[in-house]
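One file, work_13.pdb, is given below (PDB, C-alpha atoms).
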ATOM      1  CA  MET A   1     110.147 137.815  37.068  1.00  0.00           C
ATOM      2  CA  ARG A   2     109.977 138.698  40.751  1.00  0.00           C
ATOM      3  CA  ALA A   3     109.924 135.931  43.358  1.00  0.00           C
ATOM      4  CA  LEU A   4     110.501 135.182  47.024  1.00  0.00           C
ATOM      5  CA  TYR A   5     113.726 133.234  47.402  1.00  0.00           C
ATOM      6  CA  TRP A   6     115.799 131.681  50.166  1.00  0.00           C
ATOM      7  CA  ASN A   7     119.175 133.323  50.596  1.00  0.00           C
ATOM      8  CA  GLY A   8     120.283 131.558  53.778  1.00  0.00           C
ATOM      9  CA  VAL A   9     119.040 130.709  57.253  1.00  0.00           C
ATOM     10  CA  ASN A  10     116.394 133.280  58.248  1.00  0.00           C
ATOM     11  CA  ASP A  11     117.202 135.312  55.124  1.00  0.00           C
ATOM     12  CA  LEU A  12     114.335 135.524  52.612  1.00  0.00           C
ATOM     13  CA  ARG A  13     114.427 138.068  49.813  1.00  0.00           C
ATOM     14  CA  VAL A  14     112.222 139.246  46.985  1.00  0.00           C
ATOM     15  CA  GLY A  15     114.131 139.778  43.799  1.00  0.00           C
ATOM     16  CA  THR A  16     114.377 139.188  40.090  1.00  0.00           C
ATOM     17  CA  VAL A  17     114.885 135.557  39.096  1.00  0.00           C
ATOM     18  CA  LYS A  18     115.082 133.722  35.773  1.00  0.00           C
ATOM     19  CA  ASP A  19     111.756 133.372  33.968  1.00  0.00           C
ATOM     20  CA  PRO A  20     110.326 129.832  34.062  1.00  0.00           C
ATOM     21  CA  GLU A  21     110.402 127.699  30.935  1.00  0.00           C
ATOM     22  CA  ILE A  22     108.758 124.499  29.760  1.00  0.00           C
ATOM     23  CA  VAL A  23     111.323 121.697  30.205  1.00  0.00           C
ATOM     24  CA  ASN A  24     108.983 118.689  30.391  1.00  0.00           C
ATOM     25  CA  PRO A  25     106.014 118.055  28.073  1.00  0.00           C
ATOM     26  CA  HIS A  26     103.756 117.878  31.164  1.00  0.00           C
ATOM     27  CA  ASP A  27     104.851 121.305  32.512  1.00  0.00           C
ATOM     28  CA  ALA A  28     102.654 124.362  32.830  1.00  0.00           C
ATOM     29  CA  ILE A  29     103.689 127.917  33.575  1.00  0.00           C
ATOM     30  CA  LEU A  30     101.326 130.187  35.408  1.00  0.00           C
ATOM     31  CA  ARG A  31     101.237 133.773  36.569  1.00  0.00           C
ATOM     32  CA  VAL A  32     100.819 133.633  40.342  1.00  0.00           C
ATOM     33  CA  SER A  33      98.115 135.968  41.594  1.00  0.00           C
ATOM     34  CA  LEU A  34      97.977 134.889  45.256  1.00  0.00           C
ATOM     35  CA  SER A  35     100.186 132.802  47.495  1.00  0.00           C
ATOM     36  CA  THR A  36     100.251 131.692  51.108  1.00  0.00           C
ATOM     37  CA  THR A  37     102.671 130.116  53.530  1.00  0.00           C
ATOM     38  CA  CYS A  38     102.317 126.952  55.548  1.00  0.00           C
ATOM     39  CA  GLY A  39     104.180 125.209  58.339  1.00  0.00           C
ATOM     40  CA  SER A  40     106.551 123.436  55.984  1.00  0.00           C
ATOM     41  CA  ASP A  41     107.832 126.827  54.784  1.00  0.00           C
ATOM     42  CA  LEU A  42     109.288 127.320  58.260  1.00  0.00           C
ATOM     43  CA  HIS A  43     111.628 124.374  57.600  1.00  0.00           C
ATOM     44  CA  PHE A  44     113.032 126.192  54.560  1.00  0.00           C
ATOM     45  CA  ILE A  45     113.490 129.432  56.445  1.00  0.00           C
ATOM     46  CA  ASP A  46     115.379 127.970  59.409  1.00  0.00           C
ATOM     47  CA  GLY A  47     117.693 125.810  57.305  1.00  0.00           C
ATOM     48  CA  TYR A  48     116.166 122.441  58.269  1.00  0.00           C
ATOM     49  CA  ILE A  49     116.204 121.309  54.616  1.00  0.00           C
ATOM     50  CA  PRO A  50     119.909 120.635  53.907  1.00  0.00           C
ATOM     51  CA  SER A  51     119.521 120.686  50.121  1.00  0.00           C
ATOM     52  CA  MET A  52     118.421 124.346  50.042  1.00  0.00           C
ATOM     53  CA  LYS A  53     120.746 126.602  48.053  1.00  0.00           C
ATOM     54  CA  ALA A  54     120.875 130.382  48.042  1.00  0.00           C
ATOM     55  CA  GLY A  55     118.539 131.584  45.304  1.00  0.00           C
ATOM     56  CA  ASP A  56     116.008 128.717  45.590  1.00  0.00           C
ATOM     57  CA  VAL A  57     112.508 130.104  44.989  1.00  0.00           C
ATOM     58  CA  ILE A  58     110.071 129.111  47.718  1.00  0.00           C
ATOM     59  CA  GLY A  59     106.298 128.800  47.807  1.00  0.00           C
ATOM     60  CA  HIS A  60     104.212 125.757  46.986  1.00  0.00           C
ATOM     61  CA  GLU A  61     100.626 126.805  47.739  1.00  0.00           C
ATOM     62  CA  PHE A  62      99.329 129.337  45.253  1.00  0.00           C
ATOM     63  CA  MET A  63      96.764 130.248  42.632  1.00  0.00           C
ATOM     64  CA  GLY A  64      97.038 131.956  39.305  1.00  0.00           C
ATOM     65  CA  VAL A  65      96.372 131.948  35.588  1.00  0.00           C
ATOM     66  CA  ILE A  66      97.908 129.504  33.102  1.00  0.00           C
ATOM     67  CA  GLU A  67     100.286 131.328  30.754  1.00  0.00           C
ATOM     68  CA  GLU A  68     101.783 128.400  28.806  1.00  0.00           C
ATOM     69  CA  VAL A  69     101.482 124.597  28.716  1.00  0.00           C
ATOM     70  CA  GLY A  70     103.664 121.790  27.439  1.00  0.00           C
ATOM     71  CA  PRO A  71     102.490 119.644  24.522  1.00  0.00           C
ATOM     72  CA  ALA A  72     101.342 116.762  26.780  1.00  0.00           C
ATOM     73  CA  VAL A  73      99.109 118.918  28.997  1.00  0.00           C
ATOM     74  CA  LYS A  74      95.459 118.099  28.261  1.00  0.00           C
ATOM     75  CA  ARG A  75      93.364 119.208  31.267  1.00  0.00           C
ATOM     76  CA  VAL A  76      94.194 122.934  31.377  1.00  0.00           C
ATOM     77  CA  ARG A  77      94.928 125.578  28.771  1.00  0.00           C
ATOM     78  CA  LYS A  78      96.211 129.134  28.562  1.00  0.00           C
ATOM     79  CA  GLY A  79      93.921 131.506  30.429  1.00  0.00           C
ATOM     80  CA  ASP A  80      92.531 128.933  32.873  1.00  0.00           C
ATOM     81  CA  ARG A  81      92.489 129.938  36.541  1.00  0.00           C
ATOM     82  CA  VAL A  82      93.975 127.264  38.799  1.00  0.00           C
ATOM     83  CA  VAL A  83      94.716 126.550  42.452  1.00  0.00           C
ATOM     84  CA  VAL A  84      97.849 124.546  43.206  1.00  0.00           C
ATOM     85  CA  PRO A  85      97.660 122.706  46.547  1.00  0.00           C
ATOM     86  CA  SER A  86     100.724 121.491  48.393  1.00  0.00           C
ATOM     87  CA  PHE A  87     100.071 117.923  47.260  1.00  0.00           C
ATOM     88  CA  ILE A  88     100.501 117.385  43.534  1.00  0.00           C
ATOM     89  CA  VAL A  89      99.772 114.045  41.897  1.00  0.00           C
ATOM     90  CA  CYS A  90     100.068 112.752  38.353  1.00  0.00           C
ATOM     91  CA  GLY A  91      96.916 110.615  38.437  1.00  0.00           C
ATOM     92  CA  GLN A  92      98.558 107.944  36.287  1.00  0.00           C
ATOM     93  CA  CYS A  93     101.292 106.156  38.267  1.00  0.00           C
ATOM     94  CA  TRP A  94     100.759 103.018  40.372  1.00  0.00           C
ATOM     95  CA  TYR A  95     100.527 105.075  43.570  1.00  0.00           C
ATOM     96  CA  CYS A  96      97.877 107.398  42.165  1.00  0.00           C
ATOM     97  CA  GLN A  97      95.901 104.501  40.704  1.00  0.00           C
ATOM     98  CA  HIS A  98      95.792 102.991  44.219  1.00  0.00           C
ATOM     99  CA  SER A  99      94.828 106.273  45.941  1.00  0.00           C
ATOM    100  CA  LEU A 100      98.201 106.478  47.641  1.00  0.00           C
TER     101      LEU A 100
END

Please lay out the structure from this file as structure tokens.
Amino acid sequence: MRALYWNGVNDLRVGTVKDPEIVNPHDAILRVSLSTTCGSDLHFIDGYIPSMKAGDVIGHEFMGVIEEVGPAVKRVRKGDRVVVPSFIVCGQCWYCQHSL
């Protein structure tokens, strides 16, 4: 698949990367149809995040269509259109149960 990836400080590239795969029963794979950038993306670009490695795919605010779901996914199914905000929660842990 094609993706935007970090290749070094101030060096973003679009290229072919490994296709995603379900590795956790709660995973979902979607085909991104629209994406945007936000202020936190600037930290990736300028090297502020020390754990970034060349080839890391960036982008965390997007929308698309579900292509595949893991066996534990119950709220969405293949073909559903979804929006993924920058804040993702599980809805089940202690923090989520206490609106944190």

Task: Residues in the PyMOL selection byres ((chain A and resi 78) around 7), expressed as a PyMOL selection string - done: chain A and resi 66-69+77+79-80

Task: Atomic separation - CA of His26 in chain A relative to CA of Val89 in chain A, Å - done: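 Separating CA of Val89 in chain A from CA of His26 in chain A is a distance of 12.1 Å.
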
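Residue nearest Val17 in chain A, chosen from A:Ala3, A:Ser86, A:Cys93, A:Thr37 and counting only C-alpha atoms: A:Ala3.
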
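Here the question is which of A:Asp27, A:Asp19, A:Glu61, A:Asp56 gets nearest to Arg75 in chain A using all atoms listed in the file, and that residue is A:Asp27.
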
Open item on the list: Taking the file as I've supplied it (selection: the PyMOL selection byres ((chain A and resi 47) around 12)), which residues are included? Please answer as a PyMOL selection string.
Closed with: chain A and resi 6-12+40-46+48-54

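For the pair CA of Ile58 in chain A and CA of Leu4 in chain A, the interatomic distance is 6.1 Å.
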
Open item on the list: To one decimal place in Å, what is the distance between CA of Val82 in chain A and CA of Thr36 in chain A?
Closed with: 14.5 Å

TODO: Return the single residue from A:Val73, A:Leu100, A:Met1, A:Ala28 that is closest to Phe87 in chain A, with distances computed using only C-alpha atoms.
DONE: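 Distance minimum relative to Phe87 in chain A lands on A:Leu100.
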